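A.B. asks: Here it is, the structure in full.
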Amino acid sequence: MHSRKNQRDLTRTEKKRLVDAILELKRSGRYDDFVTLHRQYYVTDGESRPRPAHMTPSFFPWHRQYLLEFEKALQSVDPRVSVPYWDWTRDNTAKSSLWAEDFLGGNGRPGDRQVMTGPFAYRRGGWRIRAEVTDDHFLRRNFGRPSAPVTLPGAAEVDRALGDPVYDTAPWNSVSATGFRNRIEGWGIRGGRGIANHNKVHRWIGGSMAGAASPDDPVFWLHHAFIDLLWSRWQKTHPRARYLPARALPADDPQRDRIFPLDRPMPPWDVAPSQLMDHTRLYRYV
Amino acid sequence: MNPTSGPGEEPAGAPRPVRRAVLRAVFTAAVLAGTGGALAPVLLQGQGPGGPGQERDAVGPERFSELYKGREIRGTATTVVPAGAQAHAGTSFAAPAADVSVDGRTLHVMRRADGSYLSTVTHYESFPTLLETARAAVDELGTAQLSAVSPHTI
Ligand SMILES: [Cu+2]
């Protein structure tokens, strides 16, 4: 049992330990395996393959397990480390201590968007990303994408999602217009609303985080820890609400084999959403 | 010039029988909803052939070739997908549905259930047309070049 803290409350030492553990995973090659895994399971709802991770009800439990695996890897390097969370409704500018020299480093520079500060700057020698999206091996950020500006989601946007008493709704994908899951995952709905919460944060950071290899940016984990915390808050707000769908969909439903109802094990860990409903015996948020 | 649709500014318009019908529906719905300003760039495109080099006849799939912020973007939809119908038939349109490139390098695109597109560069937002997808990729890329490595071999 360990605690996940708000990143703004970490001590200098805690930040250093976390950064060092991440750099060590990178050095050993294990970090890049996590990047690959995320990409591998990024299946869109335009496809007919099963989609455990995105555009799907199991968005929350899949990422919960993914973070647990990453945290386990970090702790194998340094048992004192856990994944902190970034409350982007509060620390919502480029001036946040999150982006300081002693933590994640700051925005990318104009032009090639290269991150030049902090421990994940390419020139520091410890953070070479694979050239999967662009030809470059440096981490990229593009805060707010000035060419089509966006701001980080505020508390009202989060509250709208937390206020939805239903976990998820048909058609159980990126076009589900109501339900907590897609309000947080945040796909734009034609004629309805724009991107929100989770997706909007990926886009606000931009660069690597906006693309197919988003875990290349270590902020990915802090962002998703907050998403995980929001799930837990939603459960507390609606104690009688349940994960949906609770059972397999009818045979004639095109989503039947593509999504993961409560008891269907999710790849690659063979863990069902039902096994991940309660995190309190594993970690707690402080 | 800022022709990309913003994050949330996906145009209005419900399930789409075919692309051209959708674009028309988009225009109508948005006007009715009075959502005005933010949608304007998309709407202008939706109304007709749109930007330079873009061809879209009444029945044909999307096809364009233009210089955008100094980058050469090209795209061809290789299939016209009635998105809703396909989804219900359980057919995948993950198969190459489009060829898009930036400065000659392939921009890999995927589709959502509503028929909109995302690319490897903008993975968390989608766009109604390949042209907007390509322009958004350029906006996000800055001066960077797309990877020469196919993601399918990684
Ligand atoms: Cu994410």
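Following the order of the structure tokens, chains are lettered A, B, ..., residues in each are numbered from 1, and ligands are numbered from 1.
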Report the closest atom pair, with its distance in Å rounded to one decimal, for each residue of chain A that has an atom no farther than 9 Å from ligand 1; count only C-alpha atoms and all ligand atoms, sort by chain and then rising residue number, and write it as JSON lines.
C.D. replies:
{"residue": "A:His54", "atom": "CA", "partner": "ligand 1", "partner_atom_place_in_ligand_line": "1 (Cu)", "distance": 8.7}
{"residue": "A:His63", "atom": "CA", "partner": "ligand 1", "partner_atom_place_in_ligand_line": "1 (Cu)", "distance": 8.3}
{"residue": "A:Glu185", "atom": "CA", "partner": "ligand 1", "partner_atom_place_in_ligand_line": "1 (Cu)", "distance": 8.0}
{"residue": "A:His198", "atom": "CA", "partner": "ligand 1", "partner_atom_place_in_ligand_line": "1 (Cu)", "distance": 6.1}
{"residue": "A:Asn199", "atom": "CA", "partner": "ligand 1", "partner_atom_place_in_ligand_line": "1 (Cu)", "distance": 6.7}
{"residue": "A:Val201", "atom": "CA", "partner": "ligand 1", "partner_atom_place_in_ligand_line": "1 (Cu)", "distance": 8.1}
{"residue": "A:His202", "atom": "CA", "partner": "ligand 1", "partner_atom_place_in_ligand_line": "1 (Cu)", "distance": 6.4}
{"residue": "A:Met209", "atom": "CA", "partner": "ligand 1", "partner_atom_place_in_ligand_line": "1 (Cu)", "distance": 8.2}
{"residue": "A:Ser214", "atom": "CA", "partner": "ligand 1", "partner_atom_place_in_ligand_line": "1 (Cu)", "distance": 7.4}
{"residue": "A:Pro215", "atom": "CA", "partner": "ligand 1", "partner_atom_place_in_ligand_line": "1 (Cu)", "distance": 8.2}
{"residue": "A:Phe220", "atom": "CA", "partner": "ligand 1", "partner_atom_place_in_ligand_line": "1 (Cu)", "distance": 6.5}
{"residue": "A:Trp221", "atom": "CA", "partner": "ligand 1", "partner_atom_place_in_ligand_line": "1 (Cu)", "distance": 8.4}
{"residue": "A:His223", "atom": "CA", "partner": "ligand 1", "partner_atom_place_in_ligand_line": "1 (Cu)", "distance": 7.1}
{"residue": "A:His224", "atom": "CA", "partner": "ligand 1", "partner_atom_place_in_ligand_line": "1 (Cu)", "distance": 6.0}
{"residue": "A:Ile227", "atom": "CA", "partner": "ligand 1", "partner_atom_place_in_ligand_line": "1 (Cu)", "distance": 8.4}
A.B. asks: Restricting the output to N, CA and C atoms, write the selected residues as an mmCIF file, in the first residue's frame.
C.D. replies:
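Just written: again12.cif:
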data_model
loop_
_atom_site.group_PDB
_atom_site.id
_atom_site.type_symbol
_atom_site.label_atom_id
_atom_site.label_comp_id
_atom_site.auth_asym_id
_atom_site.auth_seq_id
_atom_site.Cartn_x
_atom_site.Cartn_y
_atom_site.Cartn_z
ATOM 1 N N HIS A 54 -8.983 2.752 -25.391
ATOM 2 C CA HIS A 54 -9.513 4.073 -25.755
ATOM 3 C C HIS A 54 -10.831 3.923 -26.497
ATOM 4 N N HIS A 63 -6.349 1.811 -18.118
ATOM 5 C CA HIS A 63 -5.275 2.734 -17.732
ATOM 6 C C HIS A 63 -4.891 2.588 -16.257
ATOM 7 N N GLU A 185 -13.018 10.972 -20.876
ATOM 8 C CA GLU A 185 -12.098 10.644 -21.977
ATOM 9 C C GLU A 185 -12.087 11.806 -22.956
ATOM 10 N N HIS A 198 -9.665 14.661 -20.526
ATOM 11 C CA HIS A 198 -8.475 13.859 -20.840
ATOM 12 C C HIS A 198 -7.872 14.210 -22.203
ATOM 13 N N ASN A 199 -8.687 14.209 -23.232
ATOM 14 C CA ASN A 199 -8.157 14.489 -24.568
ATOM 15 C C ASN A 199 -7.635 15.921 -24.682
ATOM 16 N N VAL A 201 -6.282 17.735 -22.423
ATOM 17 C CA VAL A 201 -4.987 17.883 -21.763
ATOM 18 C C VAL A 201 -3.862 17.361 -22.663
ATOM 19 N N HIS A 202 -4.106 16.218 -23.296
ATOM 20 C CA HIS A 202 -3.111 15.721 -24.259
ATOM 21 C C HIS A 202 -2.817 16.787 -25.309
ATOM 22 N N MET A 209 2.957 14.479 -26.530
ATOM 23 C CA MET A 209 1.729 14.081 -25.828
ATOM 24 C C MET A 209 0.501 14.084 -26.734
ATOM 25 N N SER A 214 2.346 9.051 -27.001
ATOM 26 C CA SER A 214 2.197 10.036 -25.929
ATOM 27 C C SER A 214 2.942 9.705 -24.633
ATOM 28 N N PRO A 215 3.082 8.423 -24.242
ATOM 29 C CA PRO A 215 3.843 8.183 -22.999
ATOM 30 C C PRO A 215 5.336 8.520 -23.114
ATOM 31 N N PHE A 220 2.694 12.148 -19.015
ATOM 32 C CA PHE A 220 1.607 11.202 -19.291
ATOM 33 C C PHE A 220 1.124 10.529 -18.000
ATOM 34 N N TRP A 221 2.065 10.066 -17.195
ATOM 35 C CA TRP A 221 1.717 9.288 -15.998
ATOM 36 C C TRP A 221 1.035 10.143 -14.953
ATOM 37 N N HIS A 223 -0.668 12.875 -15.572
ATOM 38 C CA HIS A 223 -1.987 13.188 -16.132
ATOM 39 C C HIS A 223 -2.938 12.014 -15.886
ATOM 40 N N HIS A 224 -2.493 10.819 -16.197
ATOM 41 C CA HIS A 224 -3.384 9.672 -16.046
ATOM 42 C C HIS A 224 -3.636 9.292 -14.590
ATOM 43 N N ILE A 227 -6.576 11.331 -13.876
ATOM 44 C CA ILE A 227 -7.751 10.712 -14.510
ATOM 45 C C ILE A 227 -8.237 9.554 -13.629
#
A.B. asks: If we count only C-alpha atoms, what is near A:Pro267 at a cut-off of 10 Å, once residues fewer than 6 positions away on the same chain are taken out, given as a count of residues only?
C.D. replies: 6
A.B. asks: Using only C-alpha atoms, which protein or nucleic acid residues come within 9 Å of A:Val166? Drop anything in the same chain fewer than 4 positions from it, and give the result as a list of chain:residue names.
C.D. replies: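 Surrounding residues, per the criterion: A:Thr178, A:Gly179, A:Phe180, A:Arg181, A:His238, A:Ala241, A:Arg242, A:Tyr243, A:Leu244.
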A.B. asks: Restricting it to N, CA, C and O atoms, dump the selection as a short mmCIF file (atom, residue, chain, number, x, y, z; two decimals), in the first residue's frame.
C.D. replies:
data_model
loop_
_atom_site.label_atom_id
_atom_site.label_comp_id
_atom_site.auth_asym_id
_atom_site.auth_seq_id
_atom_site.Cartn_x
_atom_site.Cartn_y
_atom_site.Cartn_z
N THR A 178 -23.41 10.81 -23.67
CA THR A 178 -23.50 11.01 -22.23
C THR A 178 -22.72 9.91 -21.54
O THR A 178 -22.20 9.00 -22.17
N GLY A 179 -22.68 10.00 -20.22
CA GLY A 179 -21.92 9.02 -19.45
C GLY A 179 -20.61 9.62 -18.99
O GLY A 179 -19.95 10.37 -19.72
N PHE A 180 -20.26 9.27 -17.75
CA PHE A 180 -19.03 9.78 -17.14
C PHE A 180 -17.80 9.45 -17.99
O PHE A 180 -16.93 10.30 -18.20
N ARG A 181 -17.73 8.22 -18.48
CA ARG A 181 -16.51 7.79 -19.17
C ARG A 181 -16.14 8.71 -20.34
O ARG A 181 -15.04 9.25 -20.40
N HIS A 238 -21.21 8.83 -6.63
CA HIS A 238 -22.37 8.02 -7.02
C HIS A 238 -22.21 6.60 -6.50
O HIS A 238 -21.96 5.68 -7.28
N ALA A 241 -23.89 3.74 -8.28
CA ALA A 241 -23.64 3.56 -9.72
C ALA A 241 -22.63 2.45 -9.93
O ALA A 241 -21.77 2.19 -9.09
N ARG A 242 -22.73 1.79 -11.09
CA ARG A 242 -21.84 0.68 -11.39
C ARG A 242 -21.18 0.85 -12.75
O ARG A 242 -21.70 1.54 -13.61
N TYR A 243 -20.08 0.13 -12.90
CA TYR A 243 -19.42 0.04 -14.21
C TYR A 243 -20.40 -0.55 -15.21
O TYR A 243 -21.12 -1.51 -14.91
N LEU A 244 -20.38 0.00 -16.40
CA LEU A 244 -21.24 -0.52 -17.47
C LEU A 244 -20.42 -0.68 -18.75
O LEU A 244 -19.50 0.09 -18.97
#
A.B. asks: If we count only C-alpha atoms and set the cut-off at 8 Å, which residues sit around A:Gly163, ignoring sequence neighbours fewer than 2 positions away in its own chain? Please answer as a VMD selection string.
C.D. replies: chain A and resid 159 to 161 165 180 234 237
A.B. asks: Report as an MDAnalysis selection string the set of chain A residues whose atoms approach chain B to within 8 Å, with distances computed over only C-alpha atoms.
C.D. replies: chainID A and resid 44:48 110:113 131:136 142 145 147:150 173:175 187:196 199:200 202:203 206:207 210:212 254
A.B. asks: Counting only C-alpha atoms, figure out which residue out of A:Arg12, A:His38, A:Arg49, A:Lys95 gets nearest to A:Phe70.
C.D. replies: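 The answer is A:His38, which sits nearest to A:Phe70.
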A.B. asks: If you run DSSP over the backbone, which residues in stretch 96-140 of chain B end up alpha helix (DSSP H)? Put them as a list in words.
C.D. replies: Leu130, Leu131, Glu132, Thr133, Ala134, Arg135, Ala136, Ala137, Val138, Asp139 and Glu140 of chain B
A.B. asks: Using all heavy atoms, can you export the residues from the last selection as a PDB file, in the first residue's frame?
C.D. replies:
ATOM      1  N   LEU B 130      -9.913  14.870 -44.438  1.00  0.00           N
ATOM      2  CA  LEU B 130      -8.480  14.576 -44.487  1.00  0.00           C
ATOM      3  C   LEU B 130      -7.665  15.860 -44.575  1.00  0.00           C
ATOM      4  O   LEU B 130      -6.580  15.958 -44.017  1.00  0.00           O
ATOM      5  CB  LEU B 130      -8.169  13.684 -45.691  1.00  0.00           C
ATOM      6  CG  LEU B 130      -8.708  12.258 -45.604  1.00  0.00           C
ATOM      7  CD1 LEU B 130      -8.477  11.541 -46.927  1.00  0.00           C
ATOM      8  CD2 LEU B 130      -8.039  11.493 -44.463  1.00  0.00           C
ATOM      9  N   LEU B 131      -8.211  16.856 -45.289  1.00  0.00           N
ATOM     10  CA  LEU B 131      -7.495  18.123 -45.421  1.00  0.00           C
ATOM     11  C   LEU B 131      -7.262  18.770 -44.058  1.00  0.00           C
ATOM     12  O   LEU B 131      -6.153  19.196 -43.731  1.00  0.00           O
ATOM     13  CB  LEU B 131      -8.279  19.078 -46.336  1.00  0.00           C
ATOM     14  CG  LEU B 131      -7.673  20.480 -46.489  1.00  0.00           C
ATOM     15  CD1 LEU B 131      -6.293  20.425 -47.152  1.00  0.00           C
ATOM     16  CD2 LEU B 131      -8.601  21.392 -47.300  1.00  0.00           C
ATOM     17  N   GLU B 132      -8.315  18.802 -43.244  1.00  0.00           N
ATOM     18  CA  GLU B 132      -8.145  19.390 -41.914  1.00  0.00           C
ATOM     19  C   GLU B 132      -7.194  18.556 -41.064  1.00  0.00           C
ATOM     20  O   GLU B 132      -6.436  19.091 -40.248  1.00  0.00           O
ATOM     21  CB  GLU B 132      -9.496  19.472 -41.200  1.00  0.00           C
ATOM     22  CG  GLU B 132     -10.398  20.537 -41.783  1.00  0.00           C
ATOM     23  CD  GLU B 132     -11.846  20.244 -41.482  1.00  0.00           C
ATOM     24  OE1 GLU B 132     -12.291  20.675 -40.413  1.00  0.00           O
ATOM     25  OE2 GLU B 132     -12.502  19.556 -42.282  1.00  0.00           O
ATOM     26  N   THR B 133      -7.245  17.251 -41.240  1.00  0.00           N
ATOM     27  CA  THR B 133      -6.348  16.361 -40.503  1.00  0.00           C
ATOM     28  C   THR B 133      -4.896  16.660 -40.859  1.00  0.00           C
ATOM     29  O   THR B 133      -4.026  16.749 -39.982  1.00  0.00           O
ATOM     30  CB  THR B 133      -6.682  14.893 -40.822  1.00  0.00           C
ATOM     31  OG1 THR B 133      -8.080  14.694 -40.647  1.00  0.00           O
ATOM     32  CG2 THR B 133      -5.913  13.944 -39.921  1.00  0.00           C
ATOM     33  N   ALA B 134      -4.652  16.840 -42.147  1.00  0.00           N
ATOM     34  CA  ALA B 134      -3.292  17.117 -42.604  1.00  0.00           C
ATOM     35  C   ALA B 134      -2.827  18.491 -42.122  1.00  0.00           C
ATOM     36  O   ALA B 134      -1.686  18.659 -41.683  1.00  0.00           O
ATOM     37  CB  ALA B 134      -3.227  17.040 -44.127  1.00  0.00           C
ATOM     38  N   ARG B 135      -3.707  19.485 -42.189  1.00  0.00           N
ATOM     39  CA  ARG B 135      -3.328  20.827 -41.741  1.00  0.00           C
ATOM     40  C   ARG B 135      -3.047  20.836 -40.239  1.00  0.00           C
ATOM     41  O   ARG B 135      -2.091  21.468 -39.793  1.00  0.00           O
ATOM     42  CB  ARG B 135      -4.444  21.825 -42.061  1.00  0.00           C
ATOM     43  CG  ARG B 135      -4.516  22.184 -43.544  1.00  0.00           C
ATOM     44  CD  ARG B 135      -5.730  23.059 -43.794  1.00  0.00           C
ATOM     45  NE  ARG B 135      -5.770  23.561 -45.162  1.00  0.00           N
ATOM     46  CZ  ARG B 135      -6.808  24.240 -45.657  1.00  0.00           C
ATOM     47  NH1 ARG B 135      -7.871  24.483 -44.892  1.00  0.00           N
ATOM     48  NH2 ARG B 135      -6.795  24.669 -46.903  1.00  0.00           N
ATOM     49  N   ALA B 136      -3.869  20.132 -39.482  1.00  0.00           N
ATOM     50  CA  ALA B 136      -3.648  20.074 -38.035  1.00  0.00           C
ATOM     51  C   ALA B 136      -2.321  19.399 -37.734  1.00  0.00           C
ATOM     52  O   ALA B 136      -1.607  19.785 -36.805  1.00  0.00           O
ATOM     53  CB  ALA B 136      -4.793  19.319 -37.358  1.00  0.00           C
ATOM     54  N   ALA B 137      -1.983  18.394 -38.514  1.00  0.00           N
ATOM     55  CA  ALA B 137      -0.699  17.713 -38.307  1.00  0.00           C
ATOM     56  C   ALA B 137       0.443  18.693 -38.546  1.00  0.00           C
ATOM     57  O   ALA B 137       1.396  18.755 -37.762  1.00  0.00           O
ATOM     58  CB  ALA B 137      -0.587  16.494 -39.225  1.00  0.00           C
ATOM     59  N   VAL B 138       0.347  19.487 -39.601  1.00  0.00           N
ATOM     60  CA  VAL B 138       1.382  20.479 -39.887  1.00  0.00           C
ATOM     61  C   VAL B 138       1.485  21.482 -38.730  1.00  0.00           C
ATOM     62  O   VAL B 138       2.575  21.816 -38.269  1.00  0.00           O
ATOM     63  CB  VAL B 138       1.097  21.213 -41.220  1.00  0.00           C
ATOM     64  CG1 VAL B 138       1.975  22.451 -41.368  1.00  0.00           C
ATOM     65  CG2 VAL B 138       1.316  20.265 -42.393  1.00  0.00           C
ATOM     66  N   ASP B 139       0.337  21.930 -38.244  1.00  0.00           N
ATOM     67  CA  ASP B 139       0.338  22.872 -37.113  1.00  0.00           C
ATOM     68  C   ASP B 139       1.065  22.287 -35.918  1.00  0.00           C
ATOM     69  O   ASP B 139       1.792  22.974 -35.215  1.00  0.00           O
ATOM     70  CB  ASP B 139      -1.106  23.205 -36.688  1.00  0.00           C
ATOM     71  CG  ASP B 139      -1.793  24.114 -37.701  1.00  0.00           C
ATOM     72  OD1 ASP B 139      -1.092  24.775 -38.481  1.00  0.00           O
ATOM     73  OD2 ASP B 139      -3.038  24.145 -37.704  1.00  0.00           O
ATOM     74  N   GLU B 140       0.839  21.013 -35.669  1.00  0.00           N
ATOM     75  CA  GLU B 140       1.437  20.386 -34.502  1.00  0.00           C
ATOM     76  C   GLU B 140       2.913  20.067 -34.740  1.00  0.00           C
ATOM     77  O   GLU B 140       3.717  20.094 -33.822  1.00  0.00           O
ATOM     78  CB  GLU B 140       0.657  19.104 -34.149  1.00  0.00           C
ATOM     79  CG  GLU B 140       0.976  18.520 -32.797  1.00  0.00           C
ATOM     80  CD  GLU B 140       0.726  19.490 -31.644  1.00  0.00           C
ATOM     81  OE1 GLU B 140      -0.435  19.839 -31.418  1.00  0.00           O
ATOM     82  OE2 GLU B 140       1.696  19.887 -30.976  1.00  0.00           O
TER      83      GLU B 140
END
A.B. asks: In Å, rounded to a single decimal, give me how far atom CA of A:Leu18 is from atom CA of A:Val77.
C.D. replies: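 If I compute the distance from atom CA of A:Val77 to atom CA of A:Leu18, I get 9.8 Å.
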A.B. asks: Env of A:Tyr85: 7 Å cut, atoms = only C-alpha atoms, seq-sep filter 4 positions within chain, self excluded. Answer as a ChimeraX atom specification.
C.D. replies: /A:4-7,222-223,225-226
A.B. asks: Name the residues in contact with A:Asp278 at a cut-off of 12 Å, using only C-alpha atoms, excluding same-chain residues fewer than 2 positions from it; report them as a count of residues only.
C.D. replies: 22
A.B. asks: So how far away is atom CA of A:Arg80 from atom CA of A:Ser3, in Å?
C.D. replies: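 According to the coordinates, atom CA of A:Ser3 and atom CA of A:Arg80 are separated by 10.0 Å.
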A.B. asks: Could you name the residues that touch A:Phe138 at 8 Å or less, counting only C-alpha atoms, but leaving out those on the same chain fewer than 2 positions away, as a PyMOL selection string?
C.D. replies: chain A and resi 114-115+121-122+127-129+136+140
A.B. asks: Would you save the residues from that selection as a compact mmCIF listing (two decimals), in the first residue's frame, using N, CA, C and O atoms?
C.D. replies:
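Result file out_21.txt:
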# COMPACT_ATOMS: atom_id res chain seq x y z
N GLN A 114 11.23 21.36 -29.57
CA GLN A 114 12.12 20.58 -28.71
C GLN A 114 12.13 21.11 -27.28
O GLN A 114 12.33 22.31 -27.05
N VAL A 115 11.96 20.20 -26.33
CA VAL A 115 12.08 20.56 -24.91
C VAL A 115 13.55 20.74 -24.60
O VAL A 115 14.37 19.84 -24.84
N ALA A 121 15.25 16.86 -21.32
CA ALA A 121 15.77 17.55 -22.50
C ALA A 121 16.78 16.62 -23.17
O ALA A 121 17.61 15.99 -22.50
N TYR A 122 16.72 16.56 -24.47
CA TYR A 122 17.58 15.64 -25.22
C TYR A 122 19.06 15.87 -24.93
O TYR A 122 19.83 14.94 -24.74
N TRP A 127 17.35 11.19 -22.30
CA TRP A 127 15.99 11.03 -22.82
C TRP A 127 15.97 11.07 -24.35
O TRP A 127 15.74 12.10 -24.96
N ARG A 128 16.21 9.91 -24.94
CA ARG A 128 16.17 9.80 -26.39
C ARG A 128 14.93 9.00 -26.74
O ARG A 128 14.82 7.84 -26.36
N ILE A 129 14.00 9.63 -27.43
CA ILE A 129 12.78 8.90 -27.78
C ILE A 129 12.96 8.28 -29.17
O ILE A 129 13.78 8.73 -29.97
N ASP A 136 12.52 12.95 -35.26
CA ASP A 136 13.41 13.44 -34.21
C ASP A 136 13.45 12.52 -33.00
O ASP A 136 12.51 11.80 -32.72
N ARG A 140 9.04 16.51 -27.54
CA ARG A 140 8.43 17.74 -28.06
C ARG A 140 7.24 18.16 -27.18
O ARG A 140 6.47 17.32 -26.73
